[in-house]
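Structure data follow from start.cif (mmCIF, N, CA and C atoms):
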data_my_file
#
loop_
_atom_site.label_atom_id
_atom_site.label_comp_id
_atom_site.auth_asym_id
_atom_site.auth_seq_id
_atom_site.Cartn_x
_atom_site.Cartn_y
_atom_site.Cartn_z
N MET A 1 -14.20 -0.85 6.00
CA MET A 1 -13.11 -0.77 6.93
C MET A 1 -11.85 -1.14 6.16
N PRO A 2 -10.66 -0.71 6.44
CA PRO A 2 -10.32 0.05 7.63
C PRO A 2 -10.22 1.54 7.37
N ALA A 3 -10.25 2.24 8.42
CA ALA A 3 -9.91 3.65 8.43
C ALA A 3 -8.73 3.76 9.39
N PRO A 4 -8.05 4.87 9.41
CA PRO A 4 -6.91 4.96 10.30
C PRO A 4 -7.22 4.63 11.76
N ALA A 5 -8.47 4.77 12.19
CA ALA A 5 -8.83 4.45 13.57
C ALA A 5 -9.27 3.00 13.74
N SER A 6 -9.15 2.17 12.71
CA SER A 6 -9.52 0.76 12.81
C SER A 6 -8.59 0.03 13.76
N PRO A 7 -9.02 -1.14 14.27
CA PRO A 7 -8.23 -1.82 15.29
C PRO A 7 -7.00 -2.54 14.74
N LEU A 8 -6.03 -2.73 15.60
CA LEU A 8 -4.91 -3.62 15.33
C LEU A 8 -5.47 -5.03 15.36
N ILE A 9 -5.20 -5.84 14.34
CA ILE A 9 -5.71 -7.21 14.28
C ILE A 9 -4.53 -8.15 14.13
N ALA A 10 -4.33 -9.03 15.11
CA ALA A 10 -3.25 -10.02 15.08
C ALA A 10 -1.89 -9.36 14.80
N GLY A 11 -1.68 -8.19 15.38
CA GLY A 11 -0.43 -7.49 15.20
C GLY A 11 -0.29 -6.76 13.88
N VAL A 12 -1.37 -6.72 13.09
CA VAL A 12 -1.36 -6.07 11.78
C VAL A 12 -2.09 -4.74 11.90
N ASN A 13 -1.44 -3.66 11.49
CA ASN A 13 -2.02 -2.31 11.57
C ASN A 13 -2.98 -2.04 10.43
N PRO A 14 -3.99 -1.19 10.65
CA PRO A 14 -4.83 -0.76 9.54
C PRO A 14 -4.04 0.15 8.61
N GLY A 15 -4.42 0.17 7.36
CA GLY A 15 -3.79 1.08 6.40
C GLY A 15 -4.02 2.52 6.82
N GLY A 16 -3.23 3.41 6.29
CA GLY A 16 -3.28 4.81 6.71
C GLY A 16 -4.33 5.65 6.02
N ALA A 17 -5.15 5.06 5.15
CA ALA A 17 -6.18 5.81 4.44
C ALA A 17 -7.55 5.21 4.74
N PRO A 18 -8.62 5.97 4.56
CA PRO A 18 -9.97 5.47 4.85
C PRO A 18 -10.54 4.66 3.68
N TRP A 19 -10.05 3.45 3.48
CA TRP A 19 -10.53 2.58 2.41
C TRP A 19 -12.01 2.26 2.59
N VAL A 20 -12.71 2.10 1.48
CA VAL A 20 -14.10 1.65 1.49
C VAL A 20 -14.23 0.55 0.43
N SER A 21 -15.25 -0.29 0.59
CA SER A 21 -15.49 -1.33 -0.40
C SER A 21 -16.97 -1.63 -0.48
N GLY A 22 -17.34 -2.26 -1.57
CA GLY A 22 -18.70 -2.76 -1.72
C GLY A 22 -18.78 -4.14 -1.09
N PRO A 23 -19.92 -4.82 -1.25
CA PRO A 23 -20.06 -6.18 -0.73
C PRO A 23 -18.96 -7.07 -1.31
N SER A 24 -18.19 -7.69 -0.44
CA SER A 24 -17.03 -8.48 -0.86
C SER A 24 -17.01 -9.80 -0.12
N PRO A 25 -17.68 -10.82 -0.67
CA PRO A 25 -17.79 -12.09 0.06
C PRO A 25 -16.46 -12.85 0.13
N VAL A 26 -16.30 -13.53 1.28
CA VAL A 26 -15.13 -14.38 1.53
C VAL A 26 -15.67 -15.71 2.06
N ARG A 27 -15.12 -16.80 1.54
CA ARG A 27 -15.50 -18.12 2.06
C ARG A 27 -14.23 -18.93 2.28
N VAL A 28 -14.07 -19.42 3.52
CA VAL A 28 -12.94 -20.27 3.87
C VAL A 28 -13.52 -21.61 4.31
N ARG A 29 -13.04 -22.69 3.71
CA ARG A 29 -13.52 -24.02 4.06
C ARG A 29 -12.49 -24.73 4.93
N LEU A 30 -12.96 -25.71 5.70
CA LEU A 30 -12.06 -26.44 6.61
C LEU A 30 -10.92 -27.13 5.89
N ASP A 31 -11.13 -27.53 4.62
CA ASP A 31 -10.06 -28.21 3.88
C ASP A 31 -9.04 -27.23 3.30
N GLY A 32 -9.22 -25.92 3.55
CA GLY A 32 -8.26 -24.92 3.12
C GLY A 32 -8.64 -24.15 1.87
N ARG A 33 -9.73 -24.54 1.20
CA ARG A 33 -10.15 -23.78 0.02
C ARG A 33 -10.66 -22.42 0.48
N ILE A 34 -10.21 -21.38 -0.20
CA ILE A 34 -10.66 -20.02 0.09
C ILE A 34 -11.06 -19.35 -1.21
N THR A 35 -12.19 -18.68 -1.17
CA THR A 35 -12.69 -17.91 -2.30
C THR A 35 -12.93 -16.50 -1.81
N VAL A 36 -12.35 -15.54 -2.51
CA VAL A 36 -12.46 -14.13 -2.13
C VAL A 36 -12.87 -13.33 -3.37
N THR A 37 -13.90 -12.52 -3.22
CA THR A 37 -14.29 -11.57 -4.25
C THR A 37 -14.26 -10.19 -3.62
N VAL A 38 -13.44 -9.31 -4.17
CA VAL A 38 -13.33 -7.93 -3.67
C VAL A 38 -14.02 -7.03 -4.68
N ARG A 39 -14.90 -6.16 -4.18
CA ARG A 39 -15.64 -5.24 -5.04
C ARG A 39 -15.47 -3.81 -4.54
N GLY A 40 -15.00 -2.95 -5.41
CA GLY A 40 -14.97 -1.52 -5.13
C GLY A 40 -14.09 -1.09 -4.00
N LEU A 41 -12.94 -1.75 -3.80
CA LEU A 41 -12.02 -1.38 -2.72
C LEU A 41 -11.17 -0.19 -3.17
N VAL A 42 -11.54 1.00 -2.70
CA VAL A 42 -10.91 2.24 -3.14
C VAL A 42 -10.71 3.19 -1.96
N ILE A 43 -9.89 4.20 -2.19
CA ILE A 43 -9.77 5.31 -1.25
C ILE A 43 -10.69 6.41 -1.79
N PRO A 44 -11.77 6.74 -1.06
CA PRO A 44 -12.73 7.71 -1.58
C PRO A 44 -12.13 9.12 -1.67
N ALA A 45 -12.72 9.91 -2.52
CA ALA A 45 -12.26 11.31 -2.67
C ALA A 45 -13.05 12.19 -1.71
N PRO A 46 -12.46 13.26 -1.15
CA PRO A 46 -11.07 13.35 -0.79
C PRO A 46 -10.80 12.49 0.43
N PRO A 47 -9.62 12.04 0.78
CA PRO A 47 -8.33 12.51 0.30
C PRO A 47 -7.84 11.74 -0.92
N GLY A 48 -8.53 10.67 -1.28
CA GLY A 48 -8.07 9.85 -2.40
C GLY A 48 -8.67 10.30 -3.72
N THR A 49 -8.51 9.45 -4.69
CA THR A 49 -8.98 9.75 -6.04
C THR A 49 -10.17 8.87 -6.42
N ASN A 50 -10.72 8.15 -5.42
CA ASN A 50 -11.84 7.24 -5.64
C ASN A 50 -11.44 6.09 -6.57
N THR A 51 -10.15 5.76 -6.52
CA THR A 51 -9.63 4.62 -7.27
C THR A 51 -8.78 3.77 -6.34
N ASN A 52 -8.36 2.63 -6.84
CA ASN A 52 -7.52 1.72 -6.08
C ASN A 52 -6.07 1.87 -6.53
N PRO A 53 -5.16 2.28 -5.64
CA PRO A 53 -3.77 2.43 -6.01
C PRO A 53 -2.92 1.17 -5.79
N VAL A 54 -3.54 0.08 -5.30
CA VAL A 54 -2.80 -1.14 -4.98
C VAL A 54 -3.07 -2.19 -6.05
N PRO A 55 -2.08 -2.56 -6.86
CA PRO A 55 -2.33 -3.47 -7.98
C PRO A 55 -2.55 -4.93 -7.59
N SER A 56 -2.04 -5.36 -6.42
CA SER A 56 -2.27 -6.75 -6.01
C SER A 56 -2.34 -6.84 -4.50
N VAL A 57 -3.14 -7.82 -4.04
CA VAL A 57 -3.39 -8.02 -2.62
C VAL A 57 -3.30 -9.51 -2.30
N VAL A 58 -3.28 -9.81 -1.00
CA VAL A 58 -3.43 -11.18 -0.52
C VAL A 58 -4.58 -11.18 0.48
N ALA A 59 -5.20 -12.33 0.66
CA ALA A 59 -6.20 -12.53 1.72
C ALA A 59 -5.54 -13.38 2.79
N THR A 60 -5.57 -12.91 4.03
CA THR A 60 -4.87 -13.56 5.14
C THR A 60 -5.87 -14.02 6.19
N LEU A 61 -5.82 -15.31 6.54
CA LEU A 61 -6.68 -15.86 7.58
C LEU A 61 -6.07 -15.59 8.95
N VAL A 62 -6.91 -15.09 9.86
CA VAL A 62 -6.52 -14.87 11.25
C VAL A 62 -7.43 -15.73 12.12
N CYS A 63 -6.84 -16.48 13.04
CA CYS A 63 -7.60 -17.29 14.00
C CYS A 63 -7.09 -16.96 15.40
N GLY A 64 -8.01 -16.66 16.31
CA GLY A 64 -7.61 -16.39 17.69
C GLY A 64 -6.56 -15.31 17.80
N ASN A 65 -6.68 -14.28 16.99
CA ASN A 65 -5.75 -13.14 16.97
C ASN A 65 -4.32 -13.53 16.56
N MET A 66 -4.22 -14.61 15.73
CA MET A 66 -2.92 -15.02 15.19
C MET A 66 -3.04 -15.18 13.68
N VAL A 67 -2.09 -14.62 12.95
CA VAL A 67 -2.05 -14.80 11.50
C VAL A 67 -1.74 -16.25 11.21
N GLN A 68 -2.54 -16.87 10.33
CA GLN A 68 -2.37 -18.28 10.01
C GLN A 68 -1.75 -18.52 8.64
N SER A 69 -2.39 -18.00 7.60
CA SER A 69 -1.98 -18.33 6.24
C SER A 69 -2.54 -17.29 5.28
N SER A 70 -1.88 -17.11 4.14
CA SER A 70 -2.32 -16.14 3.13
C SER A 70 -2.43 -16.79 1.77
N THR A 71 -3.27 -16.21 0.94
CA THR A 71 -3.37 -16.63 -0.45
C THR A 71 -2.15 -16.15 -1.22
N LYS A 72 -2.01 -16.62 -2.42
CA LYS A 72 -1.04 -16.04 -3.35
C LYS A 72 -1.57 -14.65 -3.72
N PRO A 73 -0.69 -13.73 -4.10
CA PRO A 73 -1.18 -12.41 -4.53
C PRO A 73 -2.15 -12.52 -5.70
N PHE A 74 -3.17 -11.66 -5.67
CA PHE A 74 -4.11 -11.59 -6.78
C PHE A 74 -4.36 -10.13 -7.14
N ALA A 75 -4.71 -9.91 -8.39
CA ALA A 75 -4.81 -8.56 -8.94
C ALA A 75 -6.11 -7.88 -8.53
N LEU A 76 -6.01 -6.56 -8.35
CA LEU A 76 -7.17 -5.67 -8.22
C LEU A 76 -7.06 -4.66 -9.35
N ASP A 77 -8.18 -4.34 -9.98
CA ASP A 77 -8.16 -3.32 -11.02
C ASP A 77 -8.28 -1.93 -10.39
N MET A 78 -8.25 -0.89 -11.20
CA MET A 78 -8.32 0.48 -10.69
C MET A 78 -9.62 0.79 -9.96
N ALA A 79 -10.68 0.02 -10.28
CA ALA A 79 -11.96 0.20 -9.59
C ALA A 79 -12.01 -0.60 -8.28
N GLY A 80 -10.92 -1.32 -7.96
CA GLY A 80 -10.86 -2.07 -6.70
C GLY A 80 -11.56 -3.41 -6.76
N ASN A 81 -11.66 -4.00 -7.95
CA ASN A 81 -12.32 -5.29 -8.12
C ASN A 81 -11.30 -6.38 -8.40
N GLY A 82 -11.49 -7.55 -7.79
CA GLY A 82 -10.63 -8.69 -8.05
C GLY A 82 -11.18 -9.91 -7.35
N GLN A 83 -10.63 -11.07 -7.70
CA GLN A 83 -11.07 -12.29 -7.03
C GLN A 83 -9.99 -13.35 -7.12
N THR A 84 -10.09 -14.32 -6.20
CA THR A 84 -9.18 -15.46 -6.20
C THR A 84 -9.87 -16.66 -5.61
N THR A 85 -9.41 -17.82 -6.04
CA THR A 85 -9.72 -19.10 -5.41
C THR A 85 -8.37 -19.75 -5.19
N ASP A 86 -8.10 -20.17 -3.96
CA ASP A 86 -6.77 -20.65 -3.61
C ASP A 86 -6.89 -21.69 -2.51
N MET A 87 -5.75 -22.25 -2.10
CA MET A 87 -5.67 -23.16 -0.96
C MET A 87 -4.76 -22.52 0.09
N ILE A 88 -5.21 -22.52 1.34
CA ILE A 88 -4.40 -22.02 2.45
C ILE A 88 -4.42 -23.05 3.56
N SER A 89 -3.60 -22.86 4.55
CA SER A 89 -3.56 -23.74 5.71
C SER A 89 -4.58 -23.24 6.74
N VAL A 90 -5.50 -24.12 7.12
CA VAL A 90 -6.52 -23.78 8.12
C VAL A 90 -6.33 -24.70 9.32
N PRO A 91 -6.14 -24.14 10.52
CA PRO A 91 -5.96 -25.00 11.69
C PRO A 91 -7.25 -25.75 12.03
N PRO A 92 -7.13 -26.87 12.75
CA PRO A 92 -8.33 -27.65 13.11
C PRO A 92 -9.34 -26.84 13.91
N LYS A 93 -8.84 -25.91 14.73
CA LYS A 93 -9.72 -25.04 15.51
C LYS A 93 -9.35 -23.60 15.18
N CYS A 94 -10.35 -22.81 14.81
CA CYS A 94 -10.09 -21.42 14.43
C CYS A 94 -11.07 -20.53 15.19
N ASP A 95 -10.61 -20.03 16.34
CA ASP A 95 -11.44 -19.14 17.15
C ASP A 95 -11.43 -17.74 16.56
N ALA A 96 -12.57 -17.08 16.61
CA ALA A 96 -12.72 -15.69 16.15
C ALA A 96 -12.08 -15.48 14.78
N PRO A 97 -12.50 -16.25 13.76
CA PRO A 97 -11.86 -16.13 12.45
C PRO A 97 -12.12 -14.77 11.81
N ALA A 98 -11.13 -14.32 11.08
CA ALA A 98 -11.24 -13.08 10.30
C ALA A 98 -10.34 -13.24 9.09
N VAL A 99 -10.65 -12.51 8.04
CA VAL A 99 -9.80 -12.47 6.85
C VAL A 99 -9.43 -11.02 6.61
N LEU A 100 -8.13 -10.79 6.46
CA LEU A 100 -7.61 -9.46 6.16
C LEU A 100 -7.25 -9.39 4.69
N ILE A 101 -7.53 -8.26 4.06
CA ILE A 101 -7.04 -7.99 2.71
C ILE A 101 -5.85 -7.06 2.88
N GLN A 102 -4.69 -7.52 2.39
CA GLN A 102 -3.44 -6.79 2.59
C GLN A 102 -2.77 -6.51 1.25
N PRO A 103 -2.13 -5.34 1.11
CA PRO A 103 -1.34 -5.11 -0.10
C PRO A 103 -0.28 -6.21 -0.21
N ALA A 104 -0.14 -6.81 -1.38
CA ALA A 104 0.81 -7.92 -1.54
C ALA A 104 2.23 -7.53 -1.14
N PRO A 105 2.72 -6.32 -1.48
CA PRO A 105 4.11 -6.00 -1.11
C PRO A 105 4.27 -5.52 0.34
N ASN A 106 3.17 -5.32 1.08
CA ASN A 106 3.27 -4.78 2.44
C ASN A 106 2.32 -5.52 3.36
N ARG A 107 2.80 -6.61 3.95
CA ARG A 107 1.95 -7.43 4.83
C ARG A 107 1.90 -6.90 6.26
N MET A 108 2.44 -5.70 6.48
CA MET A 108 2.40 -5.10 7.82
C MET A 108 1.12 -4.32 8.05
N VAL A 109 0.30 -4.13 7.00
CA VAL A 109 -0.97 -3.40 7.12
C VAL A 109 -2.07 -4.19 6.42
N TYR A 110 -3.31 -3.84 6.79
CA TYR A 110 -4.46 -4.37 6.06
C TYR A 110 -5.30 -3.20 5.57
N ILE A 111 -5.99 -3.41 4.45
CA ILE A 111 -6.80 -2.34 3.87
C ILE A 111 -8.28 -2.69 3.86
N ALA A 112 -8.61 -3.91 4.24
CA ALA A 112 -10.00 -4.32 4.42
C ALA A 112 -9.98 -5.58 5.29
N SER A 113 -11.12 -5.86 5.93
CA SER A 113 -11.20 -7.06 6.76
C SER A 113 -12.64 -7.51 6.86
N THR A 114 -12.80 -8.76 7.33
CA THR A 114 -14.14 -9.26 7.61
C THR A 114 -14.57 -8.92 9.03
N VAL A 115 -13.70 -8.26 9.78
CA VAL A 115 -14.02 -7.84 11.15
C VAL A 115 -14.99 -6.66 11.07
N ARG A 116 -16.04 -6.74 11.83
CA ARG A 116 -17.02 -5.65 11.86
C ARG A 116 -16.84 -4.85 13.14
N PRO A 117 -17.08 -3.55 13.09
CA PRO A 117 -17.00 -2.76 14.32
C PRO A 117 -18.01 -3.26 15.35
N VAL A 118 -17.62 -3.19 16.61
CA VAL A 118 -18.52 -3.61 17.68
C VAL A 118 -19.64 -2.58 17.80
N GLU A 119 -20.86 -3.07 17.76
CA GLU A 119 -22.02 -2.19 17.91
C GLU A 119 -22.26 -1.94 19.40
N PRO A 120 -22.55 -0.70 19.79
CA PRO A 120 -22.85 -0.44 21.19
C PRO A 120 -24.13 -1.16 21.60
N VAL A 121 -24.13 -1.67 22.83
CA VAL A 121 -25.33 -2.34 23.34
C VAL A 121 -26.34 -1.28 23.72
N ARG A 122 -27.55 -1.46 23.22
CA ARG A 122 -28.62 -0.49 23.53
C ARG A 122 -29.49 -1.03 24.64
N PRO A 123 -29.81 -0.16 25.60
CA PRO A 123 -30.65 -0.61 26.72
C PRO A 123 -32.06 -0.96 26.29
#
Would you mind writing the structure in this file as structure tokens?
Amino acid sequence: MPAPASPLIAGVNPGGAPWVSGPSPVRVRLDGRITVTVRGLVIPAPPGTNTNPVPSVVATLVCGNMVQSSTKPFALDMAGNGQTTDMISVPPKCDAPAVLIQPAPNRMVYIASTVRPVEPVRP
């Protein structure tokens, strides 16, 4: 995720391309330590080139549908791989936590998230 039909999260729009990624673990601790590993975050071909056109991103914590805090920008290579360990502000209570991966120069969109699509309930 996201694809252009992905949800608005905390007032942040999904990016305009159908980004895909490999397993990309994120860990946020109550003391504010955050560790993010991004693997294979690319725009697949077509319409993309199966590479990553965004040289740096931030990881942004969302709690209760409100943006809380972001990491410092960190680099992604052309294959969409990168990682960071940083300190962010984490509120004492964080309902429905999510982490957005956003292009560092454009915090109005996200290109990946820890939010999963809602699965339909099967009878």
Could you list the residues chosen by the PyMOL selection byres ((chain A and resi 36) around 5) in this structure as a PDB file with N, CA and C atoms, in the frame of the given file?
ATOM      1  N   PRO A  25     -17.680 -10.820  -0.670  1.00  0.00           N
ATOM      2  CA  PRO A  25     -17.790 -12.090   0.060  1.00  0.00           C
ATOM      3  C   PRO A  25     -16.460 -12.850   0.130  1.00  0.00           C
ATOM      4  N   VAL A  26     -16.300 -13.530   1.280  1.00  0.00           N
ATOM      5  CA  VAL A  26     -15.130 -14.380   1.530  1.00  0.00           C
ATOM      6  C   VAL A  26     -15.670 -15.710   2.060  1.00  0.00           C
ATOM      7  N   ILE A  34     -10.210 -21.380  -0.200  1.00  0.00           N
ATOM      8  CA  ILE A  34     -10.660 -20.020   0.090  1.00  0.00           C
ATOM      9  C   ILE A  34     -11.060 -19.350  -1.210  1.00  0.00           C
ATOM     10  N   THR A  35     -12.190 -18.680  -1.170  1.00  0.00           N
ATOM     11  CA  THR A  35     -12.690 -17.910  -2.300  1.00  0.00           C
ATOM     12  C   THR A  35     -12.930 -16.500  -1.810  1.00  0.00           C
ATOM     13  N   THR A  37     -13.900 -12.520  -3.220  1.00  0.00           N
ATOM     14  CA  THR A  37     -14.290 -11.570  -4.250  1.00  0.00           C
ATOM     15  C   THR A  37     -14.260 -10.190  -3.620  1.00  0.00           C
ATOM     16  N   VAL A  38     -13.440  -9.310  -4.170  1.00  0.00           N
ATOM     17  CA  VAL A  38     -13.330  -7.930  -3.670  1.00  0.00           C
ATOM     18  C   VAL A  38     -14.020  -7.030  -4.680  1.00  0.00           C
ATOM     19  N   GLN A  83     -10.630 -11.070  -7.700  1.00  0.00           N
ATOM     20  CA  GLN A  83     -11.070 -12.290  -7.030  1.00  0.00           C
ATOM     21  C   GLN A  83      -9.990 -13.350  -7.120  1.00  0.00           C
ATOM     22  N   THR A  84     -10.090 -14.320  -6.200  1.00  0.00           N
ATOM     23  CA  THR A  84      -9.180 -15.460  -6.200  1.00  0.00           C
ATOM     24  C   THR A  84      -9.870 -16.660  -5.610  1.00  0.00           C
TER      25      THR A  84
END
- Message: When you look at segment 58-70 of chain A with a cut-off of 6.5 Å (counting only N, CA and C atoms), what residues show up, excluding the ones that are within fewer than 2 positions of it in the same chain? I need them as a list in words.
- Response: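 Skipping anything fewer than 2 positions along the chain leaves Ile9, Ala10, Gly11, Ser56, Lys72, Pro73, Phe74, Met87, Ile88, Ser89, Cys94, Asp95, Ala96, Pro97, Ala98, Val99, Leu100, Ile101, Gln102, Pro103 and Ala104 of chain A.
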- Task: Determine the nearest neighbour of Gly48 of chain A from the options A:Thr85, A:Pro105, A:Ala17, A:Lys93, counting all atoms listed in the file.
- Result: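 Of the candidates, the smallest distance to Gly48 of chain A is held by A:Ala17.
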- Message: What does the structure give for the distance between atom N of Tyr110 of chain A and atom CA of Pro92 of chain A, in Å to one decimal?
- Response: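 Atom-to-atom, atom N of Tyr110 of chain A to atom CA of Pro92 of chain A, that is 25.1 Å.
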Return as AutoDock Vina command-line options the centre and edge lengths, in Å with one decimal, of the box along x, y and z that encloses every atom of segment 42-56 of chain A in the file, padded by 8 Å per side.
--center_x -7.5 --center_y 3.3 --center_z -3.6 --size_x 27.0 --size_y 36.2 --size_z 24.8
- Query: Just asking: which residues within chain A are strand (DSSP E or B) according to DSSP, as a ChimeraX atom specification?
  - Reply: /A:9,12-14,20,26-28,33-38,42-43,51,56-63,66-70,74-75,82-87,98-103,109-110,112-113
- Message: Using only N, CA and C atoms for the distances, tell me which of A:Pro53, A:Val109, A:Ala45, A:Gly80 is nearest to Gly22 of chain A.
- Response: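 Smallest distance to Gly22 of chain A is found for A:Gly80.
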- Task: Counting only N, CA and C atoms, figure out which residue out of A:Pro23, A:Pro55, A:Pro91, A:Pro18 gets nearest to Ile43 of chain A.
- Result: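 When distances to Ile43 of chain A are compared using only N, CA and C atoms, the smallest one comes from A:Pro18.
Of the listed residues A:Val57, A:Pro47, A:Val115, A:Met108, the one whose atoms come nearest to Pro14 of chain A is A:Met108, with distances taken using only N, CA and C atoms.
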